[in-house]
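File shown here: structure.cif, holding mmCIF, C-alpha atoms and all ligand atoms.
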data_work
#
loop_
_atom_site.label_atom_id
_atom_site.label_comp_id
_atom_site.auth_asym_id
_atom_site.auth_seq_id
_atom_site.Cartn_x
_atom_site.Cartn_y
_atom_site.Cartn_z
CA MET A 1 -131.97 -239.70 91.96
CA SER A 2 -128.29 -240.36 91.48
CA THR A 3 -126.43 -237.39 90.04
CA ARG A 4 -124.39 -239.79 87.92
CA GLY A 5 -127.17 -241.31 85.84
CA ARG A 6 -126.35 -241.96 82.19
CA LEU A 7 -129.33 -239.80 81.14
CA GLU A 8 -128.99 -237.13 83.81
CA GLY A 9 -130.51 -233.82 82.62
CA LYS A 10 -132.05 -235.38 79.51
CA THR A 11 -135.72 -235.30 78.65
CA ALA A 12 -137.42 -238.04 76.66
CA ILE A 13 -140.71 -238.82 74.98
CA ILE A 14 -141.49 -242.54 74.96
CA THR A 15 -144.55 -243.64 72.98
CA GLY A 16 -146.40 -246.82 73.89
CA ALA A 17 -144.90 -246.43 77.36
CA GLY A 18 -147.96 -247.80 79.14
CA SER A 19 -146.97 -251.44 78.61
CA GLY A 20 -144.23 -253.92 77.79
CA LEU A 21 -141.00 -252.64 76.26
CA GLY A 22 -142.03 -248.97 76.47
CA LEU A 23 -142.86 -249.31 80.16
CA ALA A 24 -139.53 -251.02 80.91
CA SER A 25 -137.73 -248.30 78.96
CA ALA A 26 -139.52 -245.55 80.86
CA VAL A 27 -138.38 -247.10 84.13
CA ARG A 28 -134.78 -247.52 82.94
CA PHE A 29 -134.71 -243.94 81.60
CA ALA A 30 -135.97 -242.66 84.95
CA GLU A 31 -133.43 -244.76 86.84
CA GLU A 32 -130.71 -243.15 84.71
CA GLY A 33 -131.92 -239.66 85.58
CA ALA A 34 -134.09 -238.72 82.58
CA SER A 35 -137.36 -236.79 82.72
CA VAL A 36 -139.97 -238.75 80.79
CA ALA A 37 -143.17 -237.94 78.91
CA VAL A 38 -145.07 -241.22 79.22
CA VAL A 39 -147.19 -241.40 76.07
CA ASP A 40 -149.85 -243.98 75.29
CA LEU A 41 -153.30 -244.38 73.76
CA ASP A 42 -154.29 -245.86 77.13
CA LEU A 43 -154.23 -242.90 79.52
CA ALA A 44 -154.79 -244.95 82.68
CA ALA A 45 -151.81 -247.15 81.82
CA ALA A 46 -149.65 -244.10 81.08
CA GLU A 47 -150.67 -242.47 84.36
CA ALA A 48 -149.76 -245.58 86.35
CA VAL A 49 -146.31 -245.61 84.72
CA ALA A 50 -145.80 -241.87 85.31
CA ASP A 51 -146.68 -242.40 88.99
CA LYS A 52 -144.09 -245.19 89.15
CA LEU A 53 -141.40 -242.94 87.67
CA THR A 54 -142.29 -240.12 90.06
CA ALA A 55 -141.94 -242.58 92.95
CA LEU A 56 -138.44 -243.33 91.63
CA GLY A 57 -137.65 -239.62 92.00
CA ALA A 58 -137.87 -238.74 88.30
CA ARG A 59 -139.87 -235.99 86.62
CA ALA A 60 -142.63 -237.61 84.58
CA PHE A 61 -146.08 -236.95 83.23
CA ALA A 62 -148.64 -238.97 81.30
CA LEU A 63 -150.17 -238.02 77.97
CA ARG A 64 -152.90 -239.71 75.96
CA VAL A 65 -151.79 -239.55 72.32
CA ASP A 66 -152.87 -241.48 69.25
CA VAL A 67 -149.58 -241.55 67.35
CA THR A 68 -151.39 -242.04 64.03
CA SER A 69 -152.53 -238.39 64.25
CA GLY A 70 -150.07 -235.70 63.17
CA ALA A 71 -151.91 -233.04 65.18
CA ALA A 72 -151.76 -235.23 68.30
CA CYS A 73 -148.00 -235.79 67.79
CA ASP A 74 -147.46 -232.02 67.43
CA ASP A 75 -149.38 -231.48 70.66
CA MET A 76 -147.30 -234.20 72.38
CA VAL A 77 -144.08 -232.36 71.54
CA ALA A 78 -145.53 -228.95 72.51
CA GLN A 79 -146.72 -230.28 75.86
CA THR A 80 -143.37 -231.92 76.59
CA ILE A 81 -141.48 -228.71 75.80
CA GLY A 82 -144.00 -226.88 78.00
CA ARG A 83 -143.30 -229.22 80.92
CA PHE A 84 -139.57 -229.90 80.54
CA GLY A 85 -138.31 -226.97 78.43
CA HIS A 86 -136.82 -229.13 75.70
CA VAL A 87 -136.77 -232.64 74.19
CA ASP A 88 -133.50 -234.57 73.89
CA VAL A 89 -134.84 -238.02 73.03
CA LEU A 90 -137.79 -239.41 71.09
CA PHE A 91 -138.33 -243.15 71.47
CA SER A 92 -141.02 -244.15 68.94
CA ASN A 93 -142.04 -247.47 70.42
CA ALA A 94 -145.84 -247.69 70.13
CA GLY A 95 -146.97 -250.54 67.92
CA ILE A 96 -149.62 -253.15 67.30
CA THR A 97 -149.62 -256.70 65.98
CA GLY A 98 -150.00 -257.14 62.23
CA ASN A 99 -150.85 -260.69 61.26
CA GLY A 100 -151.81 -262.26 57.96
CA SER A 101 -150.25 -263.04 54.59
CA ALA A 102 -149.97 -261.04 51.38
CA ASP A 103 -152.78 -263.00 49.73
CA ASP A 104 -155.35 -262.86 52.51
CA ILE A 105 -155.33 -259.53 54.38
CA THR A 106 -157.77 -256.70 53.70
CA GLU A 107 -156.76 -253.21 52.65
CA ASP A 108 -158.21 -251.87 55.92
CA HIS A 109 -155.97 -254.19 57.96
CA TRP A 110 -152.90 -253.16 55.93
CA ASP A 111 -153.77 -249.46 56.36
CA ARG A 112 -154.20 -249.77 60.14
CA VAL A 113 -150.97 -251.73 60.70
CA ILE A 114 -149.00 -249.33 58.50
CA ALA A 115 -150.56 -246.30 60.24
CA VAL A 116 -149.69 -247.41 63.78
CA ASN A 117 -146.34 -249.11 63.10
CA LEU A 118 -144.85 -247.01 60.29
CA LYS A 119 -146.64 -243.72 59.63
CA SER A 120 -146.58 -242.90 63.37
CA VAL A 121 -142.78 -243.12 63.41
CA TRP A 122 -142.65 -240.45 60.69
CA LEU A 123 -145.31 -238.28 62.38
CA CYS A 124 -143.53 -238.33 65.77
CA ALA A 125 -140.21 -237.50 64.10
CA LYS A 126 -141.83 -234.75 62.03
CA ALA A 127 -143.25 -233.21 65.19
CA VAL A 128 -139.95 -233.13 67.09
CA LEU A 129 -137.43 -232.48 64.30
CA PRO A 130 -137.86 -228.68 64.01
CA HIS A 131 -137.13 -228.38 67.75
CA MET A 132 -134.12 -230.72 67.55
CA ILE A 133 -132.78 -228.97 64.43
CA GLU A 134 -133.03 -225.61 66.19
CA ARG A 135 -131.13 -226.99 69.20
CA ARG A 136 -128.67 -228.90 66.96
CA SER A 137 -129.12 -231.88 69.25
CA GLY A 138 -131.30 -234.95 69.53
CA SER A 139 -131.54 -238.72 69.55
CA ILE A 140 -134.43 -240.45 67.81
CA ILE A 141 -134.86 -244.15 68.52
CA ASN A 142 -137.30 -246.17 66.44
CA GLN A 143 -138.66 -249.51 67.60
CA ALA A 144 -138.49 -251.89 64.64
CA SER A 145 -138.39 -255.69 64.96
CA MET A 146 -136.47 -258.85 64.15
CA ALA A 147 -139.18 -259.12 61.46
CA ALA A 148 -137.36 -256.35 59.58
CA LEU A 149 -134.25 -258.56 59.40
CA ILE A 150 -135.59 -262.04 58.64
CA GLY A 151 -138.78 -263.29 57.00
CA ILE A 152 -141.24 -264.67 59.56
CA ASN A 153 -144.34 -266.50 58.43
CA GLY A 154 -147.78 -265.05 59.15
CA ILE A 155 -146.94 -261.42 59.95
CA PHE A 156 -146.90 -259.82 56.49
CA PRO A 157 -148.17 -256.25 57.12
CA TYR A 158 -146.19 -256.02 60.37
CA THR A 159 -143.04 -257.01 58.47
CA ALA A 160 -143.70 -254.40 55.78
CA ALA A 161 -144.16 -251.72 58.44
CA LYS A 162 -141.04 -252.63 60.43
CA GLY A 163 -138.93 -252.92 57.28
CA GLY A 164 -140.12 -249.41 56.47
CA VAL A 165 -139.05 -248.27 59.92
CA THR A 166 -135.47 -249.48 59.44
CA ALA A 167 -135.23 -247.96 55.94
CA MET A 168 -136.67 -244.67 57.21
CA THR A 169 -134.22 -244.70 60.12
CA LYS A 170 -131.22 -244.83 57.77
CA GLN A 171 -132.68 -242.16 55.51
CA MET A 172 -133.33 -239.78 58.40
CA ALA A 173 -129.87 -240.47 59.86
CA VAL A 174 -128.34 -239.29 56.59
CA THR A 175 -130.58 -236.23 56.30
CA TYR A 176 -130.26 -234.99 59.88
CA GLY A 177 -126.71 -236.06 60.75
CA PRO A 178 -125.41 -232.60 59.77
CA ASP A 179 -127.84 -231.13 62.34
CA ASN A 180 -126.28 -233.37 65.02
CA ILE A 181 -129.45 -235.44 65.28
CA ARG A 182 -128.92 -239.18 65.59
CA VAL A 183 -131.51 -241.68 64.36
CA ASN A 184 -131.21 -245.38 65.22
CA ALA A 185 -133.51 -248.40 65.26
CA ILE A 186 -133.79 -251.36 67.60
CA CYS A 187 -134.89 -254.74 66.25
CA PRO A 188 -136.13 -256.77 69.22
CA GLY A 189 -136.60 -260.51 69.02
CA THR A 190 -139.46 -262.21 70.84
CA VAL A 191 -140.14 -260.67 74.25
CA PRO A 192 -143.06 -262.52 75.87
CA GLY A 193 -145.89 -260.29 77.07
CA PRO A 194 -149.34 -259.11 76.01
CA PHE A 195 -148.15 -258.24 72.49
CA VAL A 196 -146.74 -261.70 71.77
CA TYR A 197 -149.72 -263.54 73.30
CA LYS A 198 -152.21 -261.40 71.36
CA SER A 199 -150.30 -262.03 68.14
CA ARG A 200 -150.28 -265.79 68.77
CA ALA A 201 -154.01 -265.82 69.54
CA GLU A 202 -154.81 -263.84 66.38
CA ARG A 203 -152.78 -266.28 64.27
CA GLY A 204 -154.49 -269.28 65.88
CA ASP A 205 -151.08 -270.18 67.30
CA ALA A 206 -151.87 -269.99 71.02
CA PRO A 207 -150.90 -273.18 72.93
CA VAL A 208 -153.87 -275.58 73.09
CA ASP A 209 -153.32 -276.12 76.82
CA GLY A 210 -152.98 -272.36 77.37
CA ASN A 211 -149.45 -272.81 78.71
CA GLU A 212 -147.57 -269.96 77.05
CA GLU A 213 -144.48 -270.64 79.15
CA ILE A 214 -143.91 -274.12 77.72
CA LYS A 215 -144.36 -272.67 74.23
CA ASN A 216 -141.90 -269.89 75.05
CA ASN A 217 -139.32 -272.46 76.17
CA GLU A 218 -139.76 -274.39 72.91
CA ILE A 219 -139.37 -271.25 70.81
CA ALA A 220 -136.32 -270.19 72.82
CA GLN A 221 -134.43 -273.20 71.41
CA ARG A 222 -134.34 -271.39 68.02
CA PHE A 223 -132.40 -268.55 69.64
CA PRO A 224 -128.60 -268.97 69.94
CA LEU A 225 -128.71 -267.67 73.52
CA ARG A 226 -131.50 -270.19 74.26
CA ARG A 227 -133.82 -267.76 75.95
CA LEU A 228 -136.43 -265.24 74.88
CA GLY A 229 -136.06 -261.56 75.66
CA LYS A 230 -136.95 -259.57 78.73
CA PRO A 231 -138.29 -256.01 78.36
CA GLU A 232 -135.15 -254.78 80.14
CA ASP A 233 -132.94 -256.27 77.39
CA ILE A 234 -134.54 -253.83 74.95
CA ALA A 235 -134.70 -250.97 77.45
CA ASN A 236 -130.94 -251.22 78.04
CA MET A 237 -130.24 -250.71 74.32
CA ALA A 238 -132.63 -247.74 74.31
CA VAL A 239 -130.73 -246.20 77.26
CA TYR A 240 -127.47 -246.57 75.34
CA LEU A 241 -128.90 -244.98 72.18
CA ALA A 242 -130.43 -242.15 74.23
CA SER A 243 -127.20 -241.46 76.09
CA ASP A 244 -124.08 -239.57 75.04
CA GLU A 245 -122.22 -242.93 75.08
CA SER A 246 -123.62 -243.45 71.56
CA ASN A 247 -122.86 -239.96 70.26
CA TRP A 248 -120.99 -241.24 67.17
CA THR A 249 -123.71 -243.76 66.38
CA THR A 250 -126.39 -242.99 63.83
CA GLY A 251 -128.23 -244.91 61.15
CA GLY A 252 -127.66 -248.10 63.14
CA ILE A 253 -130.08 -251.01 63.04
CA PHE A 254 -129.49 -252.89 66.29
CA ALA A 255 -130.68 -256.47 66.67
CA VAL A 256 -131.46 -257.26 70.30
CA ASP A 257 -132.71 -260.77 69.73
CA GLY A 258 -130.55 -263.36 71.47
CA GLY A 259 -128.78 -263.93 68.15
CA ARG A 260 -131.92 -265.11 66.35
CA SER A 261 -131.42 -263.01 63.21
CA ALA A 262 -127.83 -264.21 62.93
CA ALA A 263 -128.84 -267.88 62.95
N1 LIG A 301 -142.85 -257.89 72.36
C1 LIG A 301 -142.13 -258.33 71.33
O1 LIG A 301 -141.78 -259.50 71.23
C2 LIG A 301 -141.67 -257.35 70.27
C3 LIG A 301 -140.75 -257.80 69.33
C4 LIG A 301 -140.31 -256.93 68.33
C5 LIG A 301 -140.79 -255.64 68.29
N2 LIG A 301 -141.71 -255.23 69.21
C6 LIG A 301 -142.19 -253.86 69.11
O2 LIG A 301 -141.99 -253.19 70.33
C7 LIG A 301 -143.01 -252.23 70.54
C8 LIG A 301 -143.65 -252.46 71.89
O3 LIG A 301 -144.10 -253.80 71.98
P1 LIG A 301 -144.69 -254.39 73.35
O4 LIG A 301 -144.41 -255.84 73.36
O5 LIG A 301 -144.24 -253.57 74.48
O6 LIG A 301 -146.26 -254.17 73.08
P2 LIG A 301 -147.45 -253.82 74.09
O7 LIG A 301 -148.70 -254.18 73.37
O8 LIG A 301 -147.19 -254.41 75.44
O9 LIG A 301 -147.34 -252.22 74.23
C9 LIG A 301 -147.61 -251.37 73.14
C10 LIG A 301 -148.20 -250.08 73.67
O10 LIG A 301 -148.46 -249.22 72.56
C11 LIG A 301 -149.69 -248.56 72.78
N3 LIG A 301 -150.29 -248.13 71.52
C12 LIG A 301 -150.86 -248.91 70.57
N4 LIG A 301 -151.36 -248.16 69.58
C13 LIG A 301 -151.10 -246.86 69.90
C14 LIG A 301 -151.38 -245.61 69.29
N5 LIG A 301 -152.05 -245.55 68.12
N6 LIG A 301 -150.96 -244.47 69.89
C15 LIG A 301 -150.30 -244.53 71.08
N7 LIG A 301 -150.03 -245.70 71.72
C16 LIG A 301 -150.42 -246.85 71.13
C17 LIG A 301 -150.55 -249.61 73.49
O11 LIG A 301 -151.64 -248.99 74.20
C18 LIG A 301 -149.54 -250.28 74.41
O12 LIG A 301 -149.50 -249.69 75.70
C19 LIG A 301 -143.96 -252.36 69.35
O13 LIG A 301 -143.60 -251.41 68.36
C20 LIG A 301 -143.68 -253.74 68.84
O14 LIG A 301 -143.97 -253.88 67.47
C21 LIG A 301 -142.16 -256.06 70.20
#

Let me see the structure of the file written as structure tokens.
Ligand SMILES: NC(=O)c1ccc[n+]([C@@H]2O[C@H](COP(=O)([O-])OP(=O)(O)OC[C@H]3O[C@@H](n4cnc5c(N)ncnc54)[C@H](O)[C@@H]3O)[C@@H](O)[C@H]2O)c1
Amino acid sequence: MSTRGRLEGKTAIITGAGSGLGLASAVRFAEEGASVAVVDLDLAAAEAVADKLTALGARAFALRVDVTSGAACDDMVAQTIGRFGHVDVLFSNAGITGNGSADDITEDHWDRVIAVNLKSVWLCAKAVLPHMIERRSGSIINQASMAALIGINGIFPYTAAKGGVTAMTKQMAVTYGPDNIRVNAICPGTVPGPFVYKSRAERGDAPVDGNEEIKNNEIAQRFPLRRLGKPEDIANMAVYLASDESNWTTGGIFAVDGGRSAA
């Protein structure tokens, strides 16, 4: 590893790191010199990512955690401290799709989407905060969504959860700023991958000919930069928020969406 990485000496927990944006972030964190706890519900996926990071020369290990369980989140933090000695960065990224409208979803669906996309962000923060407060140092990054910034049809419970994430981010930034703990949120626009294709299929919005790429190109025309996101676009913002380059930045809600929410 380079000795000049932007995250050299830092340790990070990344949830939902077995796929998509979390995976890309784990790789970027490792490239910048961080040690990474690769956390996911899917242990095999997390292990494959941890192996990849190790091959890059980083310290990494995989953990199966259901982030909707407070006890599991506590164990995640304890295990990471056990392996790395301390935790500098928590990137709460795990999430699931949350389709439907206010008039047609069930209470069970609402509860599940809120548990995975909103409650988990609190539980992960709750687990790591005592350690960060004691060290008077830490960066918490919460994965929200463009859906927290603009109304998007057909994803009602997801929108409620992600709006909660941005509100919670500001509240925690205010509460823990005096402890030198920074809390910021990223609001990604559409980044094609399993998450987006699953969401489309669930909404009955998958392309009839199965050609997701043509659909992606059509949707990209609504974005000022005329392209959809790449996982690395989000990972690069996460690296910045994890690094000391952002050490006067807290309570920020960062759109990384090709300008979509500004349009
Ligand atoms: N892809 C996009 O366009 C997009 C846009 C805006 C926001 N986001 C957000 O970014 C995050 C990652 O999205 P992605 O596209 O990489 O999704 P993804 O489905 O590729 O990856 C999500 C990962 O989270 C894990 N996960 C799900 N439930 C979990 C649980 N209870 N405990 C632990 N891990 C769990 C999954 O196993 C999976 O590996 C999500 O929070 C999502 O809402 C994605």

I'd like the neighbourhood of Thr97 in chain A as a list in words, where a residue qualifies if any of its atoms comes within 8 Å (using all atoms listed in the file), though same-chain residues fewer than 4 positions away should be ignored. Val113, Tyr158, Phe195, Lys198 and Ser199 of chain A

Contacts of Lys10 in chain A at 7 Å (all atoms listed in the file; same-chain gap of 3+ positions) as a PDB file with C-alpha atoms, in the frame of the given file:
ATOM      1  CA  LEU A   7    -129.330-239.800  81.140  1.00  0.00           C
ATOM      2  CA  ALA A  34    -134.090-238.720  82.580  1.00  0.00           C
ATOM      3  CA  SER A  35    -137.360-236.790  82.720  1.00  0.00           C
ATOM      4  CA  ASP A  88    -133.500-234.570  73.890  1.00  0.00           C
TER       5      ASP A  88
END

Counting all atoms listed in the file, which of A:Gly138, A:Pro192, A:Gly18, A:Pro207 gets nearest to Ser246 in chain A?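 Residue with the minimum atom-to-atom distance to Ser246 in chain A: A:Gly138.
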
Quick one: of A:Ala173, A:Ile219, A:Ala71, A:Ala127, who's nearest to Thr249 in chain A, counting only C-alpha atoms?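 That would be A:Ala173, the residue with the smallest distance to Thr249 in chain A.
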
So that each row is one residue of chain A with an atom at most 8 Å from ligand LIG 301 (chain A), can you give its shortest atom pair and the distance in Å to one decimal, using only C-alpha atoms and all ligand atoms, rows by chain and rising number, as a Markdown table?
| residue | atom | partner | partner_atom | distance |
| --- | --- | --- | --- | --- |
| A:Thr15 | CA | A:LIG301 | N7 | 6.0 |
| A:Gly16 | CA | A:LIG301 | O10 | 3.4 |
| A:Ala17 | CA | A:LIG301 | O12 | 5.9 |
| A:Gly18 | CA | A:LIG301 | O12 | 4.2 |
| A:Ser19 | CA | A:LIG301 | O12 | 4.2 |
| A:Gly20 | CA | A:LIG301 | O5 | 3.3 |
| A:Leu21 | CA | A:LIG301 | O5 | 3.8 |
| A:Gly22 | CA | A:LIG301 | O5 | 5.5 |
| A:Leu23 | CA | A:LIG301 | O5 | 7.2 |
| A:Val39 | CA | A:LIG301 | C15 | 6.7 |
| A:Asp40 | CA | A:LIG301 | N7 | 4.0 |
| A:Leu41 | CA | A:LIG301 | C15 | 4.0 |
| A:Asp42 | CA | A:LIG301 | O11 | 5.0 |
| A:Ala45 | CA | A:LIG301 | O12 | 7.0 |
| A:Ala46 | CA | A:LIG301 | O12 | 7.8 |
| A:Arg64 | CA | A:LIG301 | C15 | 7.3 |
| A:Val65 | CA | A:LIG301 | C15 | 5.3 |
| A:Asp66 | CA | A:LIG301 | N6 | 3.6 |
| A:Val67 | CA | A:LIG301 | N6 | 4.1 |
| A:Thr68 | CA | A:LIG301 | N5 | 5.4 |
| A:Ser92 | CA | A:LIG301 | O13 | 7.7 |
| A:Asn93 | CA | A:LIG301 | O13 | 4.7 |
| A:Ala94 | CA | A:LIG301 | O10 | 3.9 |
| A:Gly95 | CA | A:LIG301 | O13 | 3.5 |
| A:Ile96 | CA | A:LIG301 | C12 | 5.5 |
| A:Thr97 | CA | A:LIG301 | O14 | 6.5 |
| A:Val116 | CA | A:LIG301 | N5 | 5.3 |
| A:Asn117 | CA | A:LIG301 | O13 | 6.4 |
| A:Ser120 | CA | A:LIG301 | N5 | 7.7 |
| A:Gln143 | CA | A:LIG301 | O13 | 5.3 |
| A:Ala144 | CA | A:LIG301 | C5 | 5.7 |
| A:Ser145 | CA | A:LIG301 | C4 | 4.1 |
| A:Met146 | CA | A:LIG301 | C4 | 6.0 |
| A:Ala147 | CA | A:LIG301 | C4 | 7.3 |
| A:Tyr158 | CA | A:LIG301 | O14 | 7.7 |
| A:Lys162 | CA | A:LIG301 | O14 | 7.7 |
| A:Cys187 | CA | A:LIG301 | C4 | 6.2 |
| A:Pro188 | CA | A:LIG301 | C4 | 4.3 |
| A:Gly189 | CA | A:LIG301 | C3 | 5.0 |
| A:Thr190 | CA | A:LIG301 | O1 | 3.6 |
| A:Val191 | CA | A:LIG301 | O1 | 3.6 |
| A:Pro192 | CA | A:LIG301 | O1 | 5.7 |
| A:Gly193 | CA | A:LIG301 | O4 | 6.0 |
| A:Pro194 | CA | A:LIG301 | O8 | 5.2 |
| A:Phe195 | CA | A:LIG301 | O7 | 4.2 |
| A:Val196 | CA | A:LIG301 | O1 | 5.5 |
| A:Gly229 | CA | A:LIG301 | O1 | 7.5 |
| A:Pro231 | CA | A:LIG301 | O5 | 7.5 |

Counting only C-alpha atoms, closest pick from A:Pro178, A:Gly251, A:Gly163, A:Gly9 relative to Arg59 in chain A is A:Gly9

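Counting only C-alpha atoms and comparing A:Gln79, A:Thr11, A:Asn184, A:Asn153, the residue that lies closest to Tyr240 in chain A is A:Asn184.
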
Take CA of Val89 in chain A and CA of Ile141 in chain A and report the distance between them in Å, one decimal.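 So the answer is 7.6 Å.
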
One decimal, in Å: what's the spacing between CA of Met132 in chain A and CA of Arg83 in chain A? 16.3 Å

Please list as a VMD selection string every residue within 10 Å of Ala50 in chain A, counting only C-alpha atoms and excluding residues in the same chain fewer than 5 positions away. chain A and resid 17 to 18 23 26 to 27 30 36 to 39 44 to 45 55 to 56 58 to 63

Write out the residues from the selection above, keeping C-alpha atoms, as a PDB file, in the frame of the given file.
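The resulting again_21.pdb:
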ATOM      1  CA  ALA A  17    -144.900-246.430  77.360  1.00  0.00           C
ATOM      2  CA  GLY A  18    -147.960-247.800  79.140  1.00  0.00           C
ATOM      3  CA  LEU A  23    -142.860-249.310  80.160  1.00  0.00           C
ATOM      4  CA  ALA A  26    -139.520-245.550  80.860  1.00  0.00           C
ATOM      5  CA  VAL A  27    -138.380-247.100  84.130  1.00  0.00           C
ATOM      6  CA  ALA A  30    -135.970-242.660  84.950  1.00  0.00           C
ATOM      7  CA  VAL A  36    -139.970-238.750  80.790  1.00  0.00           C
ATOM      8  CA  ALA A  37    -143.170-237.940  78.910  1.00  0.00           C
ATOM      9  CA  VAL A  38    -145.070-241.220  79.220  1.00  0.00           C
ATOM     10  CA  VAL A  39    -147.190-241.400  76.070  1.00  0.00           C
ATOM     11  CA  ALA A  44    -154.790-244.950  82.680  1.00  0.00           C
ATOM     12  CA  ALA A  45    -151.810-247.150  81.820  1.00  0.00           C
ATOM     13  CA  ALA A  55    -141.940-242.580  92.950  1.00  0.00           C
ATOM     14  CA  LEU A  56    -138.440-243.330  91.630  1.00  0.00           C
ATOM     15  CA  ALA A  58    -137.870-238.740  88.300  1.00  0.00           C
ATOM     16  CA  ARG A  59    -139.870-235.990  86.620  1.00  0.00           C
ATOM     17  CA  ALA A  60    -142.630-237.610  84.580  1.00  0.00           C
ATOM     18  CA  PHE A  61    -146.080-236.950  83.230  1.00  0.00           C
ATOM     19  CA  ALA A  62    -148.640-238.970  81.300  1.00  0.00           C
ATOM     20  CA  LEU A  63    -150.170-238.020  77.970  1.00  0.00           C
TER      21      LEU A  63
END

With distances taken over all atoms listed in the file, which of A:Gly70, A:Gly33, A:Gly259, A:Gly252 is nearest to Val239 in chain A?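 Closest to Val239 in chain A, using all atoms listed in the file: A:Gly33.
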
Polymer residues at most 9 Å from Asn236 in chain A, all atoms listed in the file, same-chain spacing of 6 or more positions, as a ChimeraX atom specification: /A:25,28-29

Nearest residue to Gly258 in chain A out of A:Asp233, A:Lys215, A:Leu225, A:Asp103, using only C-alpha atoms?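 Of all the options, A:Leu225 lies closest to Gly258 in chain A.
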
Tell me, as a ChimeraX atom specification, which residues lie within 7 Å of range 104-110 of chain A, counting all atoms listed in the file; anything in the same chain fewer than 4 positions away does not count. /A:100,114,157

Quick one, how far is CA of Ala255 in chain A from CA of Ala102 in chain A?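 Distance between the two atoms: 25.0 Å.
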
Place N, CA and C atoms on range 41-58 of chain A and deliver the coordinates as a short mmCIF file (atom, residue, chain, number, x, y, z; two decimals), keeping the file's coordinate frame.
data_model
loop_
_atom_site.label_atom_id
_atom_site.label_comp_id
_atom_site.auth_asym_id
_atom_site.auth_seq_id
_atom_site.Cartn_x
_atom_site.Cartn_y
_atom_site.Cartn_z
N LEU A 41 -151.88 -244.49 74.10
CA LEU A 41 -153.30 -244.38 73.76
C LEU A 41 -154.13 -244.64 75.02
N ASP A 42 -153.61 -245.47 75.89
CA ASP A 42 -154.29 -245.86 77.13
C ASP A 42 -153.82 -244.93 78.25
N LEU A 43 -154.65 -243.92 78.55
CA LEU A 43 -154.23 -242.90 79.52
C LEU A 43 -154.03 -243.48 80.91
N ALA A 44 -154.92 -244.38 81.33
CA ALA A 44 -154.79 -244.95 82.68
C ALA A 44 -153.46 -245.69 82.82
N ALA A 45 -153.09 -246.42 81.79
CA ALA A 45 -151.81 -247.15 81.82
C ALA A 45 -150.64 -246.16 81.88
N ALA A 46 -150.73 -245.10 81.08
CA ALA A 46 -149.65 -244.10 81.08
C ALA A 46 -149.55 -243.42 82.44
N GLU A 47 -150.69 -243.13 83.05
CA GLU A 47 -150.67 -242.47 84.36
C GLU A 47 -150.04 -243.37 85.42
N ALA A 48 -150.34 -244.66 85.36
CA ALA A 48 -149.76 -245.58 86.35
C ALA A 48 -148.24 -245.62 86.20
N VAL A 49 -147.76 -245.59 84.95
CA VAL A 49 -146.31 -245.61 84.72
C VAL A 49 -145.68 -244.30 85.19
N ALA A 50 -146.34 -243.18 84.88
CA ALA A 50 -145.80 -241.87 85.31
C ALA A 50 -145.71 -241.82 86.84
N ASP A 51 -146.72 -242.36 87.51
CA ASP A 51 -146.68 -242.40 88.99
C ASP A 51 -145.47 -243.22 89.47
N LYS A 52 -145.23 -244.32 88.79
CA LYS A 52 -144.09 -245.19 89.15
C LYS A 52 -142.77 -244.43 89.01
N LEU A 53 -142.65 -243.68 87.91
CA LEU A 53 -141.40 -242.94 87.67
C LEU A 53 -141.22 -241.83 88.71
N THR A 54 -142.34 -241.18 89.05
CA THR A 54 -142.29 -240.12 90.06
C THR A 54 -141.84 -240.71 91.39
N ALA A 55 -142.35 -241.91 91.69
CA ALA A 55 -141.94 -242.58 92.95
C ALA A 55 -140.45 -242.91 92.94
N LEU A 56 -139.89 -243.08 91.73
CA LEU A 56 -138.44 -243.33 91.63
C LEU A 56 -137.63 -242.05 91.77
N GLY A 57 -138.34 -240.91 91.83
CA GLY A 57 -137.65 -239.62 92.00
C GLY A 57 -137.45 -238.87 90.70
N ALA A 58 -138.04 -239.39 89.61
CA ALA A 58 -137.87 -238.74 88.30
C ALA A 58 -139.01 -237.76 88.04
#
